[in-house]
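**Q** I'm passing along protein_6.cif; it holds mmCIF, C-alpha atoms.
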```cif
data_run
loop_
_atom_site.label_atom_id
_atom_site.label_comp_id
_atom_site.auth_asym_id
_atom_site.auth_seq_id
_atom_site.Cartn_x
_atom_site.Cartn_y
_atom_site.Cartn_z
CA PHE A 140 3.42 208.43 -170.90
CA GLN A 141 1.47 205.15 -171.20
CA VAL A 142 0.87 205.82 -174.90
CA MET A 143 4.58 206.47 -175.41
CA VAL A 144 5.54 203.21 -173.65
CA ALA A 145 2.83 201.35 -175.60
CA THR A 146 4.11 202.80 -178.87
CA VAL A 147 7.69 201.72 -178.21
CA ARG A 148 6.80 198.24 -176.89
CA CYS A 149 4.17 197.45 -179.54
CA GLU A 150 6.60 198.54 -182.23
CA GLU A 151 9.28 196.25 -180.74
CA ILE A 152 6.85 193.33 -180.49
CA ALA A 153 5.68 193.85 -184.08
CA ASN A 154 9.28 193.98 -185.31
CA GLU A 155 10.13 190.78 -183.40
CA ARG A 156 7.09 189.02 -184.89
CA CYS A 157 8.10 190.26 -188.35
CA THR A 158 11.64 188.95 -187.94
CA ASP A 159 10.38 185.62 -186.58
CA PHE A 160 8.01 185.26 -189.53
CA ALA A 161 10.72 186.08 -192.10
CA GLN A 162 12.88 183.32 -190.57
CA ASN A 163 10.04 180.80 -190.09
CA GLN A 164 11.12 177.53 -191.73
CA GLU A 165 7.60 176.59 -192.76
CA TRP A 166 7.16 179.95 -194.52
CA LEU A 167 10.59 179.73 -196.17
CA GLN A 168 9.77 176.24 -197.52
CA LEU A 169 6.39 177.46 -198.76
CA GLU A 170 7.99 180.49 -200.42
CA GLU A 171 10.60 178.29 -202.12
CA ALA A 172 7.99 175.77 -203.29
CA ALA A 173 5.92 178.60 -204.78
CA GLN A 174 8.80 179.40 -207.14
CA SER A 175 8.52 176.04 -208.88
CA GLY A 176 4.76 175.53 -209.20
CA PRO A 177 1.35 175.52 -207.55
CA VAL A 178 1.49 174.39 -203.91
CA ALA A 179 -1.36 172.26 -202.56
CA GLY A 180 -2.98 173.95 -199.57
CA PHE A 181 -0.88 177.12 -200.02
CA GLY A 182 -3.62 179.45 -198.75
CA LYS A 183 -4.50 177.38 -195.70
CA ARG A 184 -0.85 176.78 -194.75
CA LEU A 185 0.16 180.42 -195.14
CA SER A 186 -2.99 181.64 -193.33
CA SER A 187 -2.09 179.37 -190.43
CA ILE A 188 1.50 180.67 -190.18
CA LEU A 189 0.29 184.29 -190.38
CA GLY A 190 -2.49 183.61 -187.87
CA LYS A 191 0.00 182.21 -185.37
CA CYS A 192 2.22 185.26 -185.82
CA PHE A 193 -0.68 187.68 -185.28
CA SER A 194 -1.88 185.72 -182.22
CA GLU A 195 1.58 185.96 -180.69
CA TYR A 196 1.57 189.71 -181.27
CA ASP A 197 -1.92 190.03 -179.76
CA SER A 198 -1.02 188.13 -176.60
CA GLU A 199 2.28 189.99 -176.09
CA ALA A 200 0.72 193.40 -176.75
CA ALA A 201 -2.55 192.72 -174.87
CA PHE A 202 -1.87 195.02 -171.93
CA PHE A 203 -0.87 198.11 -173.90
CA ASP A 204 -3.06 201.01 -175.06
CA GLU A 205 -5.70 199.63 -177.44
CA GLY A 206 -5.35 202.37 -180.06
CA VAL A 207 -1.59 201.95 -180.27
CA ARG A 208 -1.83 198.14 -180.15
CA THR A 209 -4.38 198.08 -183.00
CA ALA A 210 -2.44 200.53 -185.17
CA LYS A 211 0.80 198.57 -184.75
CA ARG A 212 -0.98 195.30 -185.50
CA LYS A 213 -2.42 196.76 -188.69
CA HIS A 214 1.07 197.88 -189.68
CA LEU A 215 2.42 194.37 -188.93
CA GLU A 216 -0.33 192.82 -191.09
CA GLU A 217 0.47 195.16 -193.98
CA LYS A 218 4.19 194.43 -193.69
CA LEU A 219 3.75 190.65 -193.66
CA LEU A 220 1.17 190.60 -196.45
CA GLN A 221 3.55 192.69 -198.54
CA LEU A 222 6.26 190.12 -197.80
CA VAL A 223 4.15 187.10 -198.85
CA GLN A 224 2.31 188.60 -201.83
CA PRO A 225 5.07 187.82 -204.38
CA ALA A 226 4.77 184.10 -203.50
CA PHE A 227 1.00 184.31 -203.99
CA GLN A 228 1.45 186.06 -207.36
CA CYS A 229 3.94 183.38 -208.34
CA ILE A 230 1.39 180.67 -207.48
CA MET A 231 -1.24 182.49 -209.59
CA GLY A 232 1.12 182.56 -212.57
CA HIS A 233 1.96 178.86 -212.25
CA LEU A 234 -1.70 178.01 -211.84
CA ARG A 235 -2.66 179.94 -214.98
CA ASN A 236 0.14 178.37 -217.06
CA GLN A 237 -0.55 174.86 -215.80
CA THR A 238 -4.28 175.23 -216.47
CA LEU A 239 -3.60 176.46 -220.01
CA GLU A 240 -1.30 173.49 -220.73
CA LYS A 241 -3.87 171.02 -219.38
CA PHE A 242 -6.52 172.72 -221.52
CA LYS A 243 -4.40 172.38 -224.67
CA ASP A 244 -3.84 168.66 -224.01
CA ALA A 245 -7.50 167.96 -223.20
CA PHE A 246 -8.71 169.96 -226.22
CA GLU A 247 -6.35 168.15 -228.58
CA LYS A 248 -7.39 164.74 -227.18
CA ALA A 249 -11.08 165.63 -227.49
CA LEU A 250 -10.64 166.67 -231.13
CA LYS A 251 -8.57 163.57 -231.94
CA GLY A 252 -11.26 161.50 -230.23
CA GLY A 253 -13.76 162.81 -232.78
CA GLU A 254 -15.63 165.26 -230.55
CA GLY A 255 -17.14 168.22 -232.43
CA PHE A 256 -15.00 171.38 -232.41
CA SER A 257 -17.49 173.63 -230.67
CA ALA A 258 -18.50 171.03 -228.08
CA ALA A 259 -14.85 170.16 -227.34
CA ALA A 260 -13.89 173.84 -227.07
CA ASN A 261 -16.76 174.62 -224.69
CA SER A 262 -16.40 171.58 -222.42
CA CYS A 263 -12.59 171.81 -222.18
CA ARG A 264 -12.77 175.57 -221.59
CA GLN A 265 -15.33 175.17 -218.80
CA SER A 266 -13.48 172.35 -217.04
CA SER A 267 -10.26 174.41 -217.24
CA ILE A 268 -11.99 177.42 -215.69
CA ASN A 269 -13.33 175.18 -212.91
CA LEU A 270 -9.85 173.76 -212.35
CA PHE A 271 -8.37 177.27 -212.14
CA ASP A 272 -11.10 178.47 -209.74
CA GLU A 273 -10.43 175.48 -207.46
CA GLY A 274 -6.71 176.29 -207.52
CA CYS A 275 -7.46 179.92 -206.64
CA ALA A 276 -9.71 178.88 -203.76
CA ASP A 277 -6.91 176.62 -202.49
CA SER A 278 -4.39 179.48 -202.67
CA VAL A 279 -6.42 182.24 -201.01
CA VAL A 280 -4.84 183.70 -197.88
CA GLU A 281 -7.62 184.49 -195.39
CA GLN A 282 -5.88 187.57 -193.94
CA ALA A 283 -5.55 189.15 -197.41
CA ASP A 284 -8.22 190.28 -199.82
CA TRP A 285 -6.18 189.79 -202.97
CA ASP A 286 -8.06 189.79 -206.23
CA THR A 287 -7.59 186.80 -208.56
CA SER A 288 -9.81 188.19 -211.32
CA LYS A 289 -6.89 189.56 -213.38
CA ALA A 290 -5.23 186.15 -213.50
CA ARG A 291 -8.60 184.59 -214.37
CA SER A 292 -9.22 187.13 -217.16
CA LYS A 293 -5.75 186.48 -218.57
CA LEU A 294 -6.45 182.74 -218.53
CA LEU A 295 -9.77 183.26 -220.35
CA ARG A 296 -8.00 185.34 -223.02
CA ASP A 297 -5.30 182.65 -223.37
CA LEU A 298 -7.92 179.90 -223.71
CA ASP A 299 -9.89 181.87 -226.30
CA GLU A 300 -6.71 182.70 -228.26
CA HIS A 301 -5.77 179.03 -228.36
CA ILE A 302 -9.26 178.01 -229.50
CA SER A 303 -9.08 180.67 -232.25
CA SER A 304 -5.66 179.56 -233.44
CA VAL A 305 -6.75 175.89 -233.55
CA ARG A 306 -9.93 176.92 -235.40
CA ALA A 307 -7.88 178.89 -237.94
CA ALA A 308 -5.51 175.94 -238.44
CA LYS A 309 -8.43 173.51 -238.92
CA LEU A 310 -10.08 175.86 -241.44
CA ALA A 311 -6.79 176.23 -243.32
CA ASP A 312 -6.47 172.42 -243.44
CA LEU A 313 -10.03 172.07 -244.75
CA THR A 314 -9.48 174.81 -247.32
CA SER A 315 -6.30 173.24 -248.70
CA LEU A 316 -7.95 169.80 -248.70
CA TYR A 317 -10.87 171.26 -250.64
CA GLU A 318 -8.52 172.97 -253.10
CA VAL A 319 -6.65 169.71 -253.71
CA LYS A 320 -9.93 167.96 -254.55
#
```
Output the structure of this file as structure tokens.

**A**
Amino acid sequence: FQVMVATVRCEEIANERCTDFAQNQEWLQLEEAAQSGPVAGFGKRLSSILGKCFSEYDSEAAFFDEGVRTAKRKHLEEKLLQLVQPAFQCIMGHLRNQTLEKFKDAFEKALKGGEGFSAAANSCRQSSINLFDEGCADSVVEQADWDTSKARSKLLRDLDEHISSVRAAKLADLTSLYEVK
């Protein structure tokens, strides 16, 4: 009987917490901001909102059967992480695109400034990777173990493709200049 009561009550509490979270103004603002670009402190802010939600569940469900309480909490975590993951993925996409654009600008400036091609490519590539890694660290949600390596790999491919296309263009310019002479 106690397990049955615990099951019903913990389920109700989890559903209430889920509804409260989905209507949380801070989360809704964060979710909306994520649509337009990287959000400073996204991971920390979202972790805090989720943490508060889980704490509320824990205190309300504290006196019910531990097995039931734990299972329902795990289900609540899965549900909420599923709800927030699209915003995280959106942030990752913006971060990758923004990093690529900054790389292109920095690389072009370095080349125009007379820096050697290889040196400019390597230094701009490395600083872009560092910038992306910092952005990822800032976006990580502590309750989730989401992998950012796919976004990072895609960025590396994009950087290398851009370097190759600039190299090809420079070689074509040199070749036509040589042919003219």

**Q** Mind telling me what the PyMOL selection byres ((chain A and resi 196) around 10) catches here, as a list in words?

**A**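 Selected by the PyMOL selection byres ((chain A and resi 196) around 10) here: Cys149, Ile152, Ala153, Asn154, Glu155, Arg156, Cys157, Gly190, Lys191, Cys192, Phe193, Ser194, Glu195, Asp197, Ser198, Glu199, Ala200, Ala201, Arg208, Lys211, Arg212 and Leu215 of chain A.
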
**Q** Between A:Pro225, A:Lys248, A:Gly206, A:Leu239, single out the one closest to Glu300 (chain A), counting only C-alpha atoms.

**A**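 With only C-alpha atoms as the atom set, the closest residue is A:Leu239.
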
**Q** Mind pulling up the distance from CA of Ile230 (chain A) to CA of Val178 (chain A)?

**A**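 Computing it gives 7.2 Å between the two atoms.
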
**Q** Using only C-alpha atoms, which of A:Ala249, A:Leu220, A:Leu234, A:Ala173 sits nearest Ala290 (chain A)?

**A**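 Smallest distance to Ala290 (chain A) is found for A:Leu234.
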
**Q** Got a sec to resolve the PyMOL selection byres ((chain A and resi 228) around 10) on this structure and send the residues as a CSV table (one decimal) with C-alpha atoms, in the frame of the given file?

**A**
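Output saved as result.csv:
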```csv
chain,number,residue,atom,x,y,z
A,173,ALA,CA,5.9,178.6,-204.8
A,174,GLN,CA,8.8,179.4,-207.1
A,223,VAL,CA,4.2,187.1,-198.8
A,224,GLN,CA,2.3,188.6,-201.8
A,225,PRO,CA,5.1,187.8,-204.4
A,226,ALA,CA,4.8,184.1,-203.5
A,227,PHE,CA,1.0,184.3,-204.0
A,229,CYS,CA,3.9,183.4,-208.3
A,230,ILE,CA,1.4,180.7,-207.5
A,231,MET,CA,-1.2,182.5,-209.6
A,232,GLY,CA,1.1,182.6,-212.6
A,233,HIS,CA,2.0,178.9,-212.2
A,234,LEU,CA,-1.7,178.0,-211.8
A,278,SER,CA,-4.4,179.5,-202.7
A,285,TRP,CA,-6.2,189.8,-203.0
A,287,THR,CA,-7.6,186.8,-208.6
A,290,ALA,CA,-5.2,186.2,-213.5
```

**Q** How many Å separate CA of Asn236 (chain A) from CA of Phe271 (chain A)?

**A**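 Interatomic distance here is 9.9 Å.
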
**Q** The centre and edge lengths of an axis-aligned box containing all atoms of region 241-245 of chain A present in the file, extended by 8 Å on each side, are to be given in Å to one decimal, as lines of an AutoDock Vina configuration file.

**A**
```
center_x = -5.7
center_y = 170.3
center_z = -222.0
size_x = 19.7
size_y = 20.8
size_z = 21.3
```

**Q** One decimal, in Å: what's the spacing between CA of Trp166 (chain A) and CA of Gln221 (chain A)?

**A**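 Answer for the CA of Trp166 (chain A) to CA of Gln221 (chain A) separation: 13.8 Å.
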
**Q** Using only C-alpha atoms, find the one residue out of A:Ala161, A:Arg235, A:Ala179, A:Glu318 that sits nearest to Ser288 (chain A).

**A**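 Checking each of A:Ala161, A:Arg235, A:Ala179, A:Glu318 against Ser288 (chain A), counting only C-alpha atoms, the winner is A:Arg235.
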